[in-house]
Amino acid sequence: MGRSCAPTSTSASIVEEIGQQPSPYDLPARVLLAFGIGTGGDQSLVNTAYVISNAATAAVETRLSAEQAVAPSEMLAKVRETFGLNVKQAASVFNVERPTIYLWATQPDFSRVRPQNRVRMTQLYRLAQKWQMMGRLPNNALDAVFENSPGLFDLLAAPQLDEDAIWACHSRLQAMRGRFDAQQSDNARTLGSALGKAFASIGSRRAEGDGAS
């Protein structure tokens with residue numbers, strides 16, 4: 001009797017990831033492993049797994065094509081705006097020289113962007129999109145320093161982007177934003193109180209002057 005074609009919980013999670021993988025090339029192997037296929041086994045199960053893996057690959061390739069329909073200049077602008085990067089910082093984050101940043105800022109397509117740079121640009125573009133969706137952070141987020149963990153700039157400029165570490169950094173910055181906003185509110189209340197007392201004092205002196213005349 002052949003094995004059941006019903007996917008395991010692991011295979012179900014793989015199928016849910018269709019269209020979300022950074023590279024289409026590892027999906028067929030991952031899907032086959034998820035279905036528990038090694039040597040031998042039911043041919044219908046193998047066929048089913050290959051159909052799913054091919055669909056996954058096609059979905060990822062479609063997504064990557066859609067992303068690369070966005071001009072390099074737009075991707076660069078999105079990343080710089082989101083993370084507050086100047087030209088020098090952008091060059092470090094994209095792992096290129098500053099003249100390349102100036103070149104990309106004018107490029108309507110990827111014909112002059114090297115393949116390895118396309119991959120990093122797309123990764124950073126996706127990060128920037130998600131980062132903006134997760135809300136505003138302090139203006140000094142890029143320069144924030146944390147004890148025993150790298151800051152945002154160091155994470156973005158690393159040779160390999162560690163997304164888990166980047167989102168952990170986002171959480172820390174959100175907590176910092178809460179403290180920053182609270183401090184801003186306290187400062188505003190203190191300033192308002194001081195201004196109120198100053199105007200009251202001015203009004204009192206004017207009243208005294210009018211009475212004396």
# chains A, B, ... in the order shown; residues from 1 in each chain; ligands from 1
$ residues_around --residues "stretch 98-105 of chain A" --least-positions-apart "4" --cutoff "7 Å" --atoms "only C-alpha atoms" --output "ChimeraX atom specification"
/A:72-73,76,87-88,91
$ residues_around --residues "stretch 117-120 of chain A" --least-positions-apart "4" --cutoff "7 Å" --atoms "only C-alpha atoms" --output "list in words"
Phe94, Val113 and Leu124 of chain A
$ select_by_dssp --residues "stretch 84-133 of chain A" --states "alpha helix (DSSP H)" --output "ChimeraX atom specification"
/A:87-94,98-104,115-133
$ write_last_selection --atoms "C-alpha atoms" --output "mmCIF file, in the first residue's frame"
data_model
loop_
_atom_site.group_PDB
_atom_site.id
_atom_site.type_symbol
_atom_site.label_atom_id
_atom_site.label_comp_id
_atom_site.auth_asym_id
_atom_site.auth_seq_id
_atom_site.Cartn_x
_atom_site.Cartn_y
_atom_site.Cartn_z
ATOM 1 C CA VAL A 87 24.856 58.864 0.470
ATOM 2 C CA LYS A 88 27.835 57.556 2.443
ATOM 3 C CA GLN A 89 25.611 55.454 4.700
ATOM 4 C CA ALA A 90 23.627 54.153 1.728
ATOM 5 C CA ALA A 91 26.851 53.028 0.069
ATOM 6 C CA SER A 92 27.761 51.058 3.201
ATOM 7 C CA VAL A 93 24.303 49.523 3.473
ATOM 8 C CA PHE A 94 24.222 48.463 -0.188
ATOM 9 C CA ARG A 98 29.299 56.192 -3.409
ATOM 10 C CA PRO A 99 29.441 56.764 -7.213
ATOM 11 C CA THR A 100 27.254 53.672 -7.591
ATOM 12 C CA ILE A 101 24.606 55.240 -5.346
ATOM 13 C CA TYR A 102 24.576 58.341 -7.560
ATOM 14 C CA LEU A 103 24.268 56.114 -10.632
ATOM 15 C CA TRP A 104 21.399 54.052 -9.217
ATOM 16 C CA PRO A 115 22.950 40.512 -10.167
ATOM 17 C CA GLN A 116 24.354 40.324 -6.630
ATOM 18 C CA ASN A 117 23.409 43.966 -6.075
ATOM 19 C CA ARG A 118 19.891 43.313 -7.381
ATOM 20 C CA VAL A 119 19.411 40.676 -4.692
ATOM 21 C CA ARG A 120 20.543 42.977 -1.883
ATOM 22 C CA MET A 121 18.564 45.907 -3.248
ATOM 23 C CA THR A 122 15.400 43.793 -3.357
ATOM 24 C CA GLN A 123 15.975 42.538 0.190
ATOM 25 C CA LEU A 124 16.478 46.067 1.506
ATOM 26 C CA TYR A 125 13.455 47.312 -0.426
ATOM 27 C CA ARG A 126 11.242 44.656 1.174
ATOM 28 C CA LEU A 127 12.645 45.510 4.600
ATOM 29 C CA ALA A 128 11.921 49.204 4.024
ATOM 30 C CA GLN A 129 8.329 48.468 2.999
ATOM 31 C CA LYS A 130 7.679 46.394 6.102
ATOM 32 C CA TRP A 131 9.545 48.845 8.348
ATOM 33 C CA GLN A 132 7.298 51.709 7.243
ATOM 34 C CA MET A 133 4.173 49.616 7.770
#
$ residues_around --residues "A:Gly84" --least-positions-apart "6" --cutoff "12 Å" --atoms "only C-alpha atoms" --output "list in words"
Leu76, Ala77, Lys78, Ala90, Val93, Ala128, Gln132, Leu137, Pro138, Asn139, Asn140, Ala141, Leu142, Asp143, Leu152, Phe153 and Leu156 of chain A
$ write_last_selection --atoms "C-alpha atoms" --output "CSV table (one decimal), in the first residue's frame"
chain,number,residue,atom,x,y,z
A,76,LEU,CA,17.1,53.2,-3.5
A,77,ALA,CA,14.9,56.2,-2.6
A,78,LYS,CA,12.6,54.1,-0.5
A,90,ALA,CA,23.6,54.2,1.7
A,93,VAL,CA,24.3,49.5,3.5
A,128,ALA,CA,11.9,49.2,4.0
A,132,GLN,CA,7.3,51.7,7.2
A,137,LEU,CA,10.4,55.5,15.0
A,138,PRO,CA,12.6,58.2,16.5
A,139,ASN,CA,14.6,60.3,14.1
A,140,ASN,CA,17.8,59.1,15.7
A,141,ALA,CA,17.0,55.4,15.2
A,142,LEU,CA,19.9,54.9,12.8
A,143,ASP,CA,22.4,56.1,15.5
A,152,LEU,CA,20.3,49.4,13.2
A,153,PHE,CA,23.1,50.8,10.9
A,156,LEU,CA,21.8,47.0,7.6
$ atom_distance --atom1 "atom CA of A:Asn86" --atom2 "atom CA of A:Ser149"
23.1 Å
